[in-house]
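*Asks:* One structure follows; several queries about it will come next.
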2 protein chains.
Amino acid sequence: MTDSASAPRRATPAYRLLADRLRVQIDRGEFGQAGRLPTEAELQREHGVSRHTVREALNQLETDGLIRRVQGSGTFANPSQGRSGRYQRRIGSLDEIVVWPDTTMEVLDSFEVEVNPALAARLELPYIEVGHARIRRWYEGEPFVVTDHWVAPSLAKTLAEARVPTRADGTVIGEAEQFLSSKIAGARQDITAMAAPRREAELIGCEPGAPILLIERVYYDTAGGLVEMTASHFNPRRYSYRMDLRRRT
Amino acid sequence: MTDSASAPRRATPAYRLLADRLRVQIDRGEFGQAGRLPTEAELQREHGVSRHTVREALNQLETDGLIRRVQGSGTFANPSQGRSGRYQRRIGSLDEIVVWPDTTMEVLDSFEVEVNPALAARLELPYIEVGHARIRRWYEGEPFVVTDHWVAPSLAKTLAEARVPTRADGTVIGEAEQFLSSKIAGARQDITAMAAPRREAELIGCEPGAPILLIERVYYDTAGGLVEMTASHFNPRRYSYRMDLRRRT
DNA sequence: AAGTGGTCTAGACCACCAT
DNA sequence: TGGTGGTCTAGACCACTTC
């Protein structure tokens, strides 16, 4: 049971490699109609890892809503839901938020420093200036969301020089992370509804005053500091926020 | 390492008992200003369990956004956010959805069977009838949400006879579970915005046509069957949907 | 009765942080 | 350098499902 007898350490942990492999197989539908995965014992043998490692991998997939585990019976891939015209995001963890697959991005206003005491305070900055940028996203030829980004002025300058954002399917926070001393640890978001202001209505293709979805986020790093605030205005006819809630046991 | 030397089996697993204990301590602010929890080694000793059990308990708290773990440094309680007048729900798992703390419930229409082919189809029922009920919730003397519940007609009859819902802070699905052969495994929800219909506007205290938050849910059981569908109309001035997104690693 | 996932122990090495 | 959380192995018994 000494560790010298175990597999060599890798850059990415074994349970994550296994989870990623299974994720691909599930996407490809390799587990047939019933979606039945190999048993934990089989996965142990096939991949040469301990049961604990297998279970950690399955925990990840379960957290993301990809599988369902039934005691005494087996592990099954959840059926993937079909689209209904709108762009539906299914978010289980922050890792799924760092890319927007199949969308394109348009920079309306790149990062500039402006005076905004209220937002500076919300970012817990010791002064009244913030960096601001405004970005719009398209899906299938239609704009569906416009997002305001607020960061500390120093970070805004760095991002402006690096011409961030650069990737059409990336996110500002995802690209900004390389310039941070601490990594992004998480985010807190509030979802609510509001009447579309005139400018936002034009940008996302709805009437002024029409109901839109507002999602506000605050990203914080591992040191506990606030890194970025965003406010996204979604056209609800083109976007819906989908998520899975699961029982713990 | 034989199990005969281990602690006796309990009705609820040890890691859950530990998690619940820690949850209470966090709520009470027993870990001081910094919110630093005991180390995993200390928790092992204090509660007489293995490190694996300690880590499973901490995993639960992390999933619910209550703690943050920093490698090499320690485990810390996340600061609880203050209120801003509105009722803010923070949902990490289904277990947190089976009660609505601090709210009261009003039955507008108790369960009755009605003809509704579209909803019967969405519940995957083989006929055109569904059971329907309508419930309103209050917070601090103000109504903030009205929810329509749809279930299979047979379940509706059972619930009507049992006079469900009965608890002011309970949920229909939570109380219905005792009558089901399979347990609730999870739910899928879509969040979007819409203009308030006249009737719903009256019920939640806003103007007709005002933007409101619509949350649609489908609950499914461990057998994979659909159990209940709900549509909730929230007054966004009195309610906001808050959640935490966390990095996996 | 056999097989599956759920829980738990004991012990190990590692990466990272604080000192 | 010592302590913290992150990863991993080996092995065990249990609850539940299926046959």
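Going by the structure tokens order, chains are called A, B, ..., each with residues numbered from 1, while ligands are numbered from 1 in the order shown.
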Taking only residues of chain D that have an atom at most 12 Å from an atom of chain B, what is each one's shortest atom pair and its distance in Å to one decimal, using only C-alpha atoms (C1' of nucleotides), in chain and number order, as JSON lines?
*Replies:*
{"residue": "D:DG2", "atom": "C1'", "partner": "B:Gly72", "partner_atom": "CA", "distance": 10.9}
{"residue": "D:DG3", "atom": "C1'", "partner": "B:Gly72", "partner_atom": "CA", "distance": 7.5}
{"residue": "D:DT4", "atom": "C1'", "partner": "B:Gly72", "partner_atom": "CA", "distance": 4.0}
{"residue": "D:DG5", "atom": "C1'", "partner": "B:Gln71", "partner_atom": "CA", "distance": 4.3}
{"residue": "D:DG6", "atom": "C1'", "partner": "B:Gln71", "partner_atom": "CA", "distance": 7.4}
{"residue": "D:DT7", "atom": "C1'", "partner": "B:His52", "partner_atom": "CA", "distance": 11.7}
{"residue": "D:DC8", "atom": "C1'", "partner": "B:His52", "partner_atom": "CA", "distance": 11.7}
{"residue": "D:DA10", "atom": "C1'", "partner": "B:Met1", "partner_atom": "CA", "distance": 9.7}
{"residue": "D:DG11", "atom": "C1'", "partner": "B:Met1", "partner_atom": "CA", "distance": 7.3}
{"residue": "D:DA12", "atom": "C1'", "partner": "B:Asp3", "partner_atom": "CA", "distance": 5.5}
{"residue": "D:DC13", "atom": "C1'", "partner": "B:Asp3", "partner_atom": "CA", "distance": 6.1}
{"residue": "D:DC14", "atom": "C1'", "partner": "B:Arg9", "partner_atom": "CA", "distance": 8.5}
{"residue": "D:DA15", "atom": "C1'", "partner": "B:Ala11", "partner_atom": "CA", "distance": 11.1}
*Asks:* Going by DSSP on the backbone, which bits of stretch 42-190 of chain A are helix (DSSP H, G or I)? Write them as a PyMOL selection string, please.
*Replies:* chain A and resi 42-47+51-63+94-97+117-122+153-161+172-179
*Asks:* Check every residue of chain B for an atom within 7 Å of chain A, counting only C-alpha atoms, and provide those that qualify as a list of chain:residue names.
*Replies:*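 Using only C-alpha atoms, chain B residues at most 7 Å from chain A: B:Ser93, B:Leu94, B:Asp95, B:Ala185, B:Gly186, B:Ala187, B:Arg188, B:Gln189, B:Asp190, B:Ile191, B:Thr192, B:Ala193, B:Met194, B:Ala195, B:Pro211, B:Ile212, B:Leu213, B:Pro236, B:Ser240, B:Tyr241, B:Arg242, B:Met243, B:Asp244, B:Leu245, B:Arg246, B:Arg247.
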*Asks:* Please find the residues of chain C near chain B - the criterion being any atom within 9 Å, counting only C-alpha atoms (C1' of nucleotides) - and write them as a PDB file with all heavy atoms, in the first residue's frame.
*Replies:*
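The result, stored in out_27.pdb:
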ATOM      1  P    DT C   7     -23.409   7.369   0.555  1.00  0.00           P
ATOM      2  OP1  DT C   7     -24.430   8.049   1.382  1.00  0.00           O
ATOM      3  OP2  DT C   7     -22.554   8.122  -0.383  1.00  0.00           O
ATOM      4  O5'  DT C   7     -22.448   6.562   1.536  1.00  0.00           O
ATOM      5  C5'  DT C   7     -23.020   5.892   2.636  1.00  0.00           C
ATOM      6  C4'  DT C   7     -21.950   5.167   3.400  1.00  0.00           C
ATOM      7  O4'  DT C   7     -21.188   4.328   2.515  1.00  0.00           O
ATOM      8  C3'  DT C   7     -20.930   6.076   4.093  1.00  0.00           C
ATOM      9  O3'  DT C   7     -21.071   5.899   5.484  1.00  0.00           O
ATOM     10  C2'  DT C   7     -19.568   5.587   3.567  1.00  0.00           C
ATOM     11  C1'  DT C   7     -19.895   4.200   3.048  1.00  0.00           C
ATOM     12  N1   DT C   7     -19.021   3.684   1.976  1.00  0.00           N
ATOM     13  C2   DT C   7     -18.243   2.589   2.235  1.00  0.00           C
ATOM     14  O2   DT C   7     -18.229   2.023   3.310  1.00  0.00           O
ATOM     15  N3   DT C   7     -17.482   2.168   1.172  1.00  0.00           N
ATOM     16  C4   DT C   7     -17.403   2.722  -0.080  1.00  0.00           C
ATOM     17  O4   DT C   7     -16.674   2.264  -0.951  1.00  0.00           O
ATOM     18  C5   DT C   7     -18.240   3.883  -0.275  1.00  0.00           C
ATOM     19  C7   DT C   7     -18.246   4.570  -1.616  1.00  0.00           C
ATOM     20  C6   DT C   7     -19.001   4.304   0.743  1.00  0.00           C
ATOM     21  P    DC C   8     -20.317   6.897   6.483  1.00  0.00           P
ATOM     22  OP1  DC C   8     -21.005   6.822   7.784  1.00  0.00           O
ATOM     23  OP2  DC C   8     -20.148   8.186   5.789  1.00  0.00           O
ATOM     24  O5'  DC C   8     -18.877   6.232   6.651  1.00  0.00           O
ATOM     25  C5'  DC C   8     -18.786   4.973   7.274  1.00  0.00           C
ATOM     26  C4'  DC C   8     -17.374   4.434   7.151  1.00  0.00           C
ATOM     27  O4'  DC C   8     -17.111   4.048   5.805  1.00  0.00           O
ATOM     28  C3'  DC C   8     -16.262   5.422   7.483  1.00  0.00           C
ATOM     29  O3'  DC C   8     -15.883   5.251   8.832  1.00  0.00           O
ATOM     30  C2'  DC C   8     -15.132   5.025   6.509  1.00  0.00           C
ATOM     31  C1'  DC C   8     -15.721   3.866   5.716  1.00  0.00           C
ATOM     32  N1   DC C   8     -15.318   3.827   4.286  1.00  0.00           N
ATOM     33  C2   DC C   8     -14.453   2.841   3.862  1.00  0.00           C
ATOM     34  O2   DC C   8     -14.040   2.016   4.687  1.00  0.00           O
ATOM     35  N3   DC C   8     -14.065   2.790   2.564  1.00  0.00           N
ATOM     36  C4   DC C   8     -14.539   3.702   1.712  1.00  0.00           C
ATOM     37  N4   DC C   8     -14.138   3.619   0.438  1.00  0.00           N
ATOM     38  C5   DC C   8     -15.446   4.729   2.105  1.00  0.00           C
ATOM     39  C6   DC C   8     -15.808   4.764   3.404  1.00  0.00           C
ATOM     40  P    DT C   9     -14.609   6.032   9.420  1.00  0.00           P
ATOM     41  OP1  DT C   9     -14.852   6.155  10.868  1.00  0.00           O
ATOM     42  OP2  DT C   9     -14.293   7.216   8.612  1.00  0.00           O
ATOM     43  O5'  DT C   9     -13.409   4.997   9.215  1.00  0.00           O
ATOM     44  C5'  DT C   9     -13.578   3.645   9.630  1.00  0.00           C
ATOM     45  C4'  DT C   9     -12.336   2.849   9.288  1.00  0.00           C
ATOM     46  O4'  DT C   9     -12.274   2.659   7.856  1.00  0.00           O
ATOM     47  C3'  DT C   9     -11.027   3.531   9.695  1.00  0.00           C
ATOM     48  O3'  DT C   9     -10.280   2.669  10.535  1.00  0.00           O
ATOM     49  C2'  DT C   9     -10.308   3.808   8.378  1.00  0.00           C
ATOM     50  C1'  DT C   9     -10.947   2.815   7.418  1.00  0.00           C
ATOM     51  N1   DT C   9     -10.984   3.311   6.026  1.00  0.00           N
ATOM     52  C2   DT C   9     -10.282   2.659   5.054  1.00  0.00           C
ATOM     53  O2   DT C   9      -9.600   1.673   5.266  1.00  0.00           O
ATOM     54  N3   DT C   9     -10.387   3.199   3.800  1.00  0.00           N
ATOM     55  C4   DT C   9     -11.117   4.310   3.432  1.00  0.00           C
ATOM     56  O4   DT C   9     -11.142   4.710   2.275  1.00  0.00           O
ATOM     57  C5   DT C   9     -11.838   4.953   4.501  1.00  0.00           C
ATOM     58  C7   DT C   9     -12.660   6.179   4.221  1.00  0.00           C
ATOM     59  C6   DT C   9     -11.735   4.435   5.730  1.00  0.00           C
ATOM     60  P    DA C  10      -9.093   3.206  11.417  1.00  0.00           P
ATOM     61  OP1  DA C  10      -8.978   2.301  12.574  1.00  0.00           O
ATOM     62  OP2  DA C  10      -9.255   4.660  11.601  1.00  0.00           O
ATOM     63  O5'  DA C  10      -7.827   2.994  10.473  1.00  0.00           O
ATOM     64  C5'  DA C  10      -7.520   1.695   9.997  1.00  0.00           C
ATOM     65  C4'  DA C  10      -6.301   1.781   9.091  1.00  0.00           C
ATOM     66  O4'  DA C  10      -6.733   2.184   7.771  1.00  0.00           O
ATOM     67  C3'  DA C  10      -5.261   2.807   9.548  1.00  0.00           C
ATOM     68  O3'  DA C  10      -4.027   2.136   9.769  1.00  0.00           O
ATOM     69  C2'  DA C  10      -5.190   3.819   8.415  1.00  0.00           C
ATOM     70  C1'  DA C  10      -5.773   3.062   7.230  1.00  0.00           C
ATOM     71  N9   DA C  10      -6.476   3.909   6.267  1.00  0.00           N
ATOM     72  C8   DA C  10      -7.403   4.891   6.526  1.00  0.00           C
ATOM     73  N7   DA C  10      -7.873   5.486   5.451  1.00  0.00           N
ATOM     74  C5   DA C  10      -7.202   4.862   4.409  1.00  0.00           C
ATOM     75  C6   DA C  10      -7.238   5.042   3.015  1.00  0.00           C
ATOM     76  N6   DA C  10      -8.021   5.935   2.414  1.00  0.00           N
ATOM     77  N1   DA C  10      -6.442   4.244   2.253  1.00  0.00           N
ATOM     78  C2   DA C  10      -5.667   3.346   2.862  1.00  0.00           C
ATOM     79  N3   DA C  10      -5.537   3.082   4.175  1.00  0.00           N
ATOM     80  C4   DA C  10      -6.338   3.888   4.894  1.00  0.00           C
ATOM     81  P    DA C  15       4.671  17.155  -6.484  1.00  0.00           P
ATOM     82  OP1  DA C  15       4.753  17.109  -7.954  1.00  0.00           O
ATOM     83  OP2  DA C  15       5.866  17.366  -5.639  1.00  0.00           O
ATOM     84  O5'  DA C  15       3.602  18.271  -6.088  1.00  0.00           O
ATOM     85  C5'  DA C  15       2.297  18.226  -6.665  1.00  0.00           C
ATOM     86  C4'  DA C  15       1.515  19.451  -6.236  1.00  0.00           C
ATOM     87  O4'  DA C  15       1.228  19.358  -4.825  1.00  0.00           O
ATOM     88  C3'  DA C  15       2.238  20.777  -6.423  1.00  0.00           C
ATOM     89  O3'  DA C  15       1.277  21.753  -6.778  1.00  0.00           O
ATOM     90  C2'  DA C  15       2.854  21.041  -5.060  1.00  0.00           C
ATOM     91  C1'  DA C  15       1.812  20.429  -4.128  1.00  0.00           C
ATOM     92  N9   DA C  15       2.340  19.877  -2.882  1.00  0.00           N
ATOM     93  C8   DA C  15       3.477  19.152  -2.711  1.00  0.00           C
ATOM     94  N7   DA C  15       3.679  18.768  -1.475  1.00  0.00           N
ATOM     95  C5   DA C  15       2.593  19.279  -0.791  1.00  0.00           C
ATOM     96  C6   DA C  15       2.222  19.227   0.569  1.00  0.00           C
ATOM     97  N6   DA C  15       2.917  18.596   1.501  1.00  0.00           N
ATOM     98  N1   DA C  15       1.076  19.852   0.913  1.00  0.00           N
ATOM     99  C2   DA C  15       0.366  20.475  -0.026  1.00  0.00           C
ATOM    100  N3   DA C  15       0.613  20.594  -1.328  1.00  0.00           N
ATOM    101  C4   DA C  15       1.758  19.959  -1.637  1.00  0.00           C
ATOM    102  P    DC C  16       1.706  23.235  -7.109  1.00  0.00           P
ATOM    103  OP1  DC C  16       0.780  23.713  -8.146  1.00  0.00           O
ATOM    104  OP2  DC C  16       3.184  23.243  -7.298  1.00  0.00           O
ATOM    105  O5'  DC C  16       1.387  24.003  -5.759  1.00  0.00           O
ATOM    106  C5'  DC C  16       0.039  24.019  -5.272  1.00  0.00           C
ATOM    107  C4'  DC C  16       0.043  24.570  -3.868  1.00  0.00           C
ATOM    108  O4'  DC C  16       0.776  23.673  -3.010  1.00  0.00           O
ATOM    109  C3'  DC C  16       0.719  25.926  -3.724  1.00  0.00           C
ATOM    110  O3'  DC C  16      -0.279  26.874  -3.420  1.00  0.00           O
ATOM    111  C2'  DC C  16       1.751  25.742  -2.602  1.00  0.00           C
ATOM    112  C1'  DC C  16       1.303  24.431  -1.962  1.00  0.00           C
ATOM    113  N1   DC C  16       2.371  23.606  -1.333  1.00  0.00           N
ATOM    114  C2   DC C  16       2.323  23.359   0.043  1.00  0.00           C
ATOM    115  O2   DC C  16       1.389  23.840   0.701  1.00  0.00           O
ATOM    116  N3   DC C  16       3.294  22.598   0.621  1.00  0.00           N
ATOM    117  C4   DC C  16       4.281  22.095  -0.143  1.00  0.00           C
ATOM    118  N4   DC C  16       5.210  21.353   0.471  1.00  0.00           N
ATOM    119  C5   DC C  16       4.343  22.340  -1.539  1.00  0.00           C
ATOM    120  C6   DC C  16       3.384  23.096  -2.100  1.00  0.00           C
ATOM    121  P    DC C  17       0.074  28.415  -3.258  1.00  0.00           P
ATOM    122  OP1  DC C  17      -1.109  29.149  -3.737  1.00  0.00           O
ATOM    123  OP2  DC C  17       1.421  28.643  -3.826  1.00  0.00           O
ATOM    124  O5'  DC C  17       0.174  28.624  -1.678  1.00  0.00           O
ATOM    125  C5'  DC C  17      -0.930  28.254  -0.862  1.00  0.00           C
ATOM    126  C4'  DC C  17      -0.581  28.471   0.599  1.00  0.00           C
ATOM    127  O4'  DC C  17       0.358  27.454   1.011  1.00  0.00           O
ATOM    128  C3'  DC C  17       0.060  29.818   0.915  1.00  0.00           C
ATOM    129  O3'  DC C  17      -0.705  30.450   1.923  1.00  0.00           O
ATOM    130  C2'  DC C  17       1.488  29.483   1.358  1.00  0.00           C
ATOM    131  C1'  DC C  17       1.380  28.026   1.785  1.00  0.00           C
ATOM    132  N1   DC C  17       2.597  27.197   1.522  1.00  0.00           N
ATOM    133  C2   DC C  17       3.150  26.441   2.568  1.00  0.00           C
ATOM    134  O2   DC C  17       2.637  26.501   3.689  1.00  0.00           O
ATOM    135  N3   DC C  17       4.244  25.686   2.325  1.00  0.00           N
ATOM    136  C4   DC C  17       4.768  25.641   1.092  1.00  0.00           C
ATOM    137  N4   DC C  17       5.842  24.868   0.888  1.00  0.00           N
ATOM    138  C5   DC C  17       4.221  26.398   0.015  1.00  0.00           C
ATOM    139  C6   DC C  17       3.139  27.158   0.269  1.00  0.00           C
ATOM    140  P    DA C  18      -0.302  31.904   2.410  1.00  0.00           P
ATOM    141  OP1  DA C  18      -1.571  32.575   2.763  1.00  0.00           O
ATOM    142  OP2  DA C  18       0.624  32.512   1.436  1.00  0.00           O
ATOM    143  O5'  DA C  18       0.507  31.630   3.751  1.00  0.00           O
ATOM    144  C5'  DA C  18      -0.165  31.023   4.850  1.00  0.00           C
ATOM    145  C4'  DA C  18       0.854  30.666   5.917  1.00  0.00           C
ATOM    146  O4'  DA C  18       1.829  29.783   5.356  1.00  0.00           O
ATOM    147  C3'  DA C  18       1.610  31.863   6.487  1.00  0.00           C
ATOM    148  O3'  DA C  18       1.489  31.869   7.909  1.00  0.00           O
ATOM    149  C2'  DA C  18       3.057  31.656   6.011  1.00  0.00           C
ATOM    150  C1'  DA C  18       3.117  30.158   5.780  1.00  0.00           C
ATOM    151  N9   DA C  18       4.037  29.761   4.713  1.00  0.00           N
ATOM    152  C8   DA C  18       4.082  30.226   3.432  1.00  0.00           C
ATOM    153  N7   DA C  18       5.005  29.659   2.695  1.00  0.00           N
ATOM    154  C5   DA C  18       5.623  28.763   3.557  1.00  0.00           C
ATOM    155  C6   DA C  18       6.689  27.864   3.386  1.00  0.00           C
ATOM    156  N6   DA C  18       7.351  27.711   2.224  1.00  0.00           N
ATOM    157  N1   DA C  18       7.057  27.106   4.446  1.00  0.00           N
ATOM    158  C2   DA C  18       6.388  27.258   5.609  1.00  0.00           C
ATOM    159  N3   DA C  18       5.371  28.078   5.891  1.00  0.00           N
ATOM    160  C4   DA C  18       5.037  28.802   4.809  1.00  0.00           C
TER     161       DA C  18
END
*Asks:* After least-squares alignment of chain B to chain A over all Cα atoms in order, what RMSD do you get?
*Replies:*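 Across all paired C-alpha atoms, the RMSD is 0.2 Å.
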